[in-house]
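As provided, structure-v7.txt (compact mmCIF, C-alpha atoms and all ligand atoms) reads as follows.
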# COMPACT_ATOMS: atom_id res chain seq x y z
CA MET A 1 -20.46 159.23 62.78
CA SER A 2 -22.40 157.24 65.32
CA PHE A 3 -21.36 156.50 68.89
CA SER A 4 -23.49 154.28 71.10
CA PRO A 5 -22.25 153.95 74.68
CA ASP A 6 -24.93 151.42 75.70
CA LEU A 7 -23.82 149.17 72.84
CA TYR A 8 -20.17 149.50 73.90
CA VAL A 9 -20.91 148.52 77.49
CA ARG A 10 -22.85 145.49 76.26
CA THR A 11 -20.02 144.57 73.90
CA LEU A 12 -17.37 145.04 76.59
CA SER A 13 -19.37 142.79 78.95
CA PHE A 14 -19.62 140.13 76.23
CA ALA A 15 -15.85 140.32 75.64
CA ALA A 16 -15.09 140.21 79.38
CA ARG A 17 -17.23 137.09 79.81
CA ALA A 18 -15.69 135.44 76.73
CA HIS A 19 -12.10 136.10 77.81
CA GLY A 20 -12.83 134.92 81.37
CA ASP A 21 -9.63 134.80 83.40
CA GLN A 22 -7.26 135.28 80.45
CA GLN A 23 -4.62 137.91 81.13
CA THR A 24 -2.44 140.33 79.20
CA PRO A 25 1.33 139.63 79.15
CA THR A 26 1.65 142.07 82.07
CA GLY A 27 -0.89 140.16 84.15
CA LEU A 28 -3.93 142.41 83.78
CA PRO A 29 -7.43 141.16 82.89
CA TYR A 30 -7.51 140.58 79.13
CA VAL A 31 -10.21 143.19 78.52
CA VAL A 32 -7.62 145.84 79.39
CA HIS A 33 -5.99 144.94 76.07
CA VAL A 34 -9.17 145.30 74.00
CA THR A 35 -10.13 148.56 75.73
CA SER A 36 -6.59 149.87 75.12
CA VAL A 37 -7.19 149.31 71.42
CA CYS A 38 -10.39 151.39 71.79
CA MET A 39 -8.39 154.17 73.47
CA GLU A 40 -6.20 154.38 70.34
CA LEU A 41 -9.30 154.41 68.14
CA ILE A 42 -11.08 157.21 70.01
CA ARG A 43 -8.47 159.75 69.00
CA ALA A 44 -8.29 158.48 65.43
CA LEU A 45 -12.09 158.54 65.05
CA HIS A 46 -12.10 162.09 66.38
CA ALA A 47 -9.30 163.14 64.02
CA GLU A 48 -10.89 161.47 60.98
CA PRO A 49 -14.64 162.11 61.11
CA GLY A 50 -16.93 160.16 58.81
CA ARG A 51 -15.98 156.74 60.15
CA ASP A 52 -18.47 154.30 61.61
CA GLY A 53 -17.52 154.59 65.27
CA ASP A 54 -19.82 151.77 66.34
CA LEU A 55 -18.29 149.33 63.87
CA ALA A 56 -14.75 150.29 64.88
CA ILE A 57 -15.35 150.11 68.64
CA CYS A 58 -17.37 146.88 68.56
CA CYS A 59 -14.80 145.14 66.35
CA ALA A 60 -12.04 146.38 68.66
CA LEU A 61 -13.75 145.06 71.79
CA LEU A 62 -14.43 141.69 70.13
CA HIS A 63 -11.26 141.38 68.01
CA ASP A 64 -9.78 138.41 69.91
CA VAL A 65 -13.03 136.69 70.90
CA LEU A 66 -13.11 134.25 67.96
CA GLU A 67 -9.35 133.64 67.79
CA ASP A 68 -8.60 133.25 71.48
CA THR A 69 -11.78 131.93 73.15
CA GLN A 70 -14.32 129.16 72.61
CA THR A 71 -17.05 131.68 71.69
CA PRO A 72 -18.93 130.39 68.64
CA ARG A 73 -19.20 132.67 65.64
CA ALA A 74 -23.01 132.26 65.79
CA ALA A 75 -23.08 133.84 69.27
CA VAL A 76 -21.28 136.94 67.99
CA GLU A 77 -23.56 137.07 64.97
CA GLN A 78 -26.69 136.80 67.08
CA GLU A 79 -25.59 139.58 69.48
CA PHE A 80 -23.88 141.98 67.08
CA GLY A 81 -25.04 141.17 63.55
CA PRO A 82 -23.25 140.20 60.34
CA GLN A 83 -21.13 143.32 59.75
CA VAL A 84 -19.34 143.20 63.13
CA THR A 85 -19.01 139.41 62.82
CA GLN A 86 -17.37 139.69 59.39
CA GLY A 87 -14.99 142.30 60.78
CA VAL A 88 -14.03 140.13 63.75
CA LEU A 89 -13.58 137.10 61.46
CA ALA A 90 -11.20 139.06 59.24
CA LEU A 91 -9.24 140.09 62.35
CA SER A 92 -8.96 136.42 63.40
CA LYS A 93 -6.14 134.26 62.08
CA ASP A 94 -7.17 131.06 60.33
CA ALA A 95 -5.75 128.27 62.49
CA THR A 96 -6.13 125.74 59.67
CA LEU A 97 -3.40 127.51 57.64
CA PRO A 98 0.36 127.03 58.18
CA LYS A 99 1.55 129.54 60.80
CA ALA A 100 3.70 131.50 58.35
CA GLU A 101 0.71 132.26 56.11
CA ARG A 102 -1.79 133.35 58.76
CA MET A 103 -0.94 137.04 59.02
CA ALA A 104 -0.86 137.66 55.25
CA ASP A 105 -4.17 135.82 54.90
CA SER A 106 -5.79 137.87 57.67
CA LEU A 107 -4.46 141.13 56.15
CA ARG A 108 -5.94 140.17 52.78
CA ARG A 109 -9.32 139.55 54.39
CA ILE A 110 -9.15 142.80 56.42
CA ARG A 111 -8.54 144.73 53.19
CA ARG A 112 -11.85 143.45 51.84
CA GLN A 113 -13.68 144.89 54.90
CA PRO A 114 -14.66 148.51 55.58
CA PRO A 115 -11.68 150.73 56.61
CA GLU A 116 -12.81 150.68 60.27
CA VAL A 117 -11.69 147.03 60.46
CA ALA A 118 -8.21 147.95 59.21
CA MET A 119 -8.17 150.75 61.79
CA VAL A 120 -8.73 148.14 64.52
CA LYS A 121 -5.77 146.09 63.28
CA LEU A 122 -3.54 149.18 63.17
CA ALA A 123 -4.66 150.23 66.67
CA ASP A 124 -4.14 146.67 67.94
CA ARG A 125 -0.53 146.61 66.76
CA ILE A 126 0.14 150.16 68.00
CA THR A 127 -1.03 148.94 71.41
CA ASN A 128 1.17 145.83 71.17
CA LEU A 129 4.31 147.70 70.06
CA ALA A 130 5.17 148.34 73.68
CA PRO A 131 8.74 147.54 74.80
CA PRO A 132 9.20 143.79 74.21
CA PRO A 133 9.18 141.47 77.25
CA PRO A 134 12.70 140.81 78.65
CA HIS A 135 12.56 137.08 77.78
CA TRP A 136 12.09 137.75 74.02
CA THR A 137 15.11 136.88 71.87
CA ALA A 138 16.54 139.32 69.33
CA GLU A 139 15.18 137.05 66.61
CA LYS A 140 11.65 137.14 68.02
CA ILE A 141 11.78 140.93 68.37
CA GLY A 142 13.01 141.20 64.78
CA THR A 143 10.20 138.99 63.52
CA TYR A 144 7.61 140.99 65.46
CA ARG A 145 8.97 144.21 64.03
CA ALA A 146 8.95 142.86 60.46
CA GLU A 147 5.37 141.71 60.95
CA ALA A 148 4.40 145.18 62.20
CA GLU A 149 5.95 146.73 59.10
CA GLU A 150 3.93 144.32 56.96
CA ILE A 151 0.72 145.40 58.75
CA LEU A 152 1.50 149.07 58.19
CA ARG A 153 2.26 148.48 54.50
CA ALA A 154 -0.94 146.50 53.96
CA LEU A 155 -3.34 148.68 55.95
CA GLY A 156 -1.75 152.08 56.49
CA GLU A 157 -3.87 153.75 53.84
CA ALA A 158 -6.99 153.12 55.95
CA SER A 159 -5.99 155.85 58.42
CA ALA A 160 -3.39 158.60 58.02
CA PHE A 161 -3.71 159.40 61.72
CA LEU A 162 -3.06 155.85 62.92
CA SER A 163 -0.22 155.46 60.41
CA ILE A 164 1.58 158.37 62.08
CA ARG A 165 1.04 156.80 65.52
CA PHE A 166 2.22 153.46 64.15
CA ARG A 167 5.43 154.95 62.72
CA GLU A 168 6.11 156.74 66.01
CA ARG A 169 5.88 153.40 67.84
CA LEU A 170 8.08 151.66 65.28
CA SER A 171 10.69 154.40 65.54
CA VAL A 172 11.32 153.55 69.21
CA TYR A 173 10.91 149.79 68.82
CA PRO A 174 14.20 147.88 68.94
CA ALA A 175 15.71 146.88 65.61
CA PHE A 176 18.48 144.31 65.16
CA ARG A 177 19.84 144.82 61.68
NI NI B 1 -5.21 142.28 70.12

Please rewrite the model in this file as structure tokens.
Amino acid sequence: MSFSPDLYVRTLSFAARAHGDQQTPTGLPYVVHVTSVCMELIRALHAEPGRDGDLAICCALLHDVLEDTQTPRAAVEQEFGPQVTQGVLALSKDATLPKAERMADSLRRIRRQPPEVAMVKLADRITNLAPPPPHWTAEKIGTYRAEAEEILRALGEASAFLSIRFRERLSVYPAFR
């Protein structure tokens, strides 16, 4: 397992620049979200040795850079190489598809990547399964929960450790049925 702190600081700086003044739903700088995903991964990578830590952490730090910013794919490729770029692409929804198909399409593409990429998606949703914002309707919460269950079904086998964390989060997430 390889861990390269200099690479992570460079990647975090790239992500911070790319996300600019974007914020999390709670009003923090957006990089707090991507580093929170890394915090989930650290424990999983420790619990499940043999993973490529650099691939997991770099993909986590960059996972929203192509979907949510103007950063060109070529810039990611030049800085971080093809493997990380392919991982980040799989983690990005395809905006040319109808909205309802985007998640399933992304999950299919993630499954063709190394398991570290699936671990990033699991850790991302674990991070996002915080108590829903007060303005969310019951319907929206239900949809978000169903989508989370779909992610766990599609990718859970990539990490037993993260699957347990994921189920813990789901067990306290509101359900309306
Ligand atoms: Ni995210």

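The protein and nucleic acid residues lying at most 9 Å from Pro174 (chain A) are Pro131, Pro132, Ala138, Ile141, Gly142, Arg145, Leu170, Ser171, Val172 and Phe176 of chain A, with only C-alpha atoms considered and sequence neighbours fewer than 2 positions away removed.
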
Hey, what's within 10 Å of region 88-94 of chain A if we count all atoms listed in the file and toss same-chain stuff fewer than 5 positions away? As a PyMOL selection string, please?
-> chain A and resi 58-68+73+76+82-83+99+101-113+117-118+120-121

Identify, on the basis of all atoms listed in the file, every residue whose closest approach to Thr127 (chain A) does not exceed 9 Å; exclude the query and any residue fewer than 5 positions from it along the same chain; express the result as a list in words.
-> His33, Ser36, Val37, Glu40, Leu122 and Arg169 of chain A

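With all atoms listed in the file as the basis for measurement, A:Gly53 is the residue among A:Gly20, A:Gly53, A:Pro134, A:Pro29 that approaches Ser2 (chain A) most closely.
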
Selection: 6 Å around Ile126 (chain A), all atoms listed in the file, excl. self and same-chain fewer than 3 positions, as a PyMOL selection string = chain A and resi 123+129+166

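CA of Val9 (chain A) lies 10.9 Å from CA of Thr35 (chain A).
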
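Atom pair CA of Tyr173 (chain A) / CA of Arg153 (chain A): separated by 16.8 Å.
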
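Closest approach to ligand NI 1 (chain B) among A:Arg167, A:His135, A:Arg125, A:Arg51 is made by A:Arg125 (distances from all atoms listed in the file).
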
State, in Å with one decimal place, the distance from CA of Thr71 (chain A) to CA of Thr26 (chain A).
-> 23.8 Å
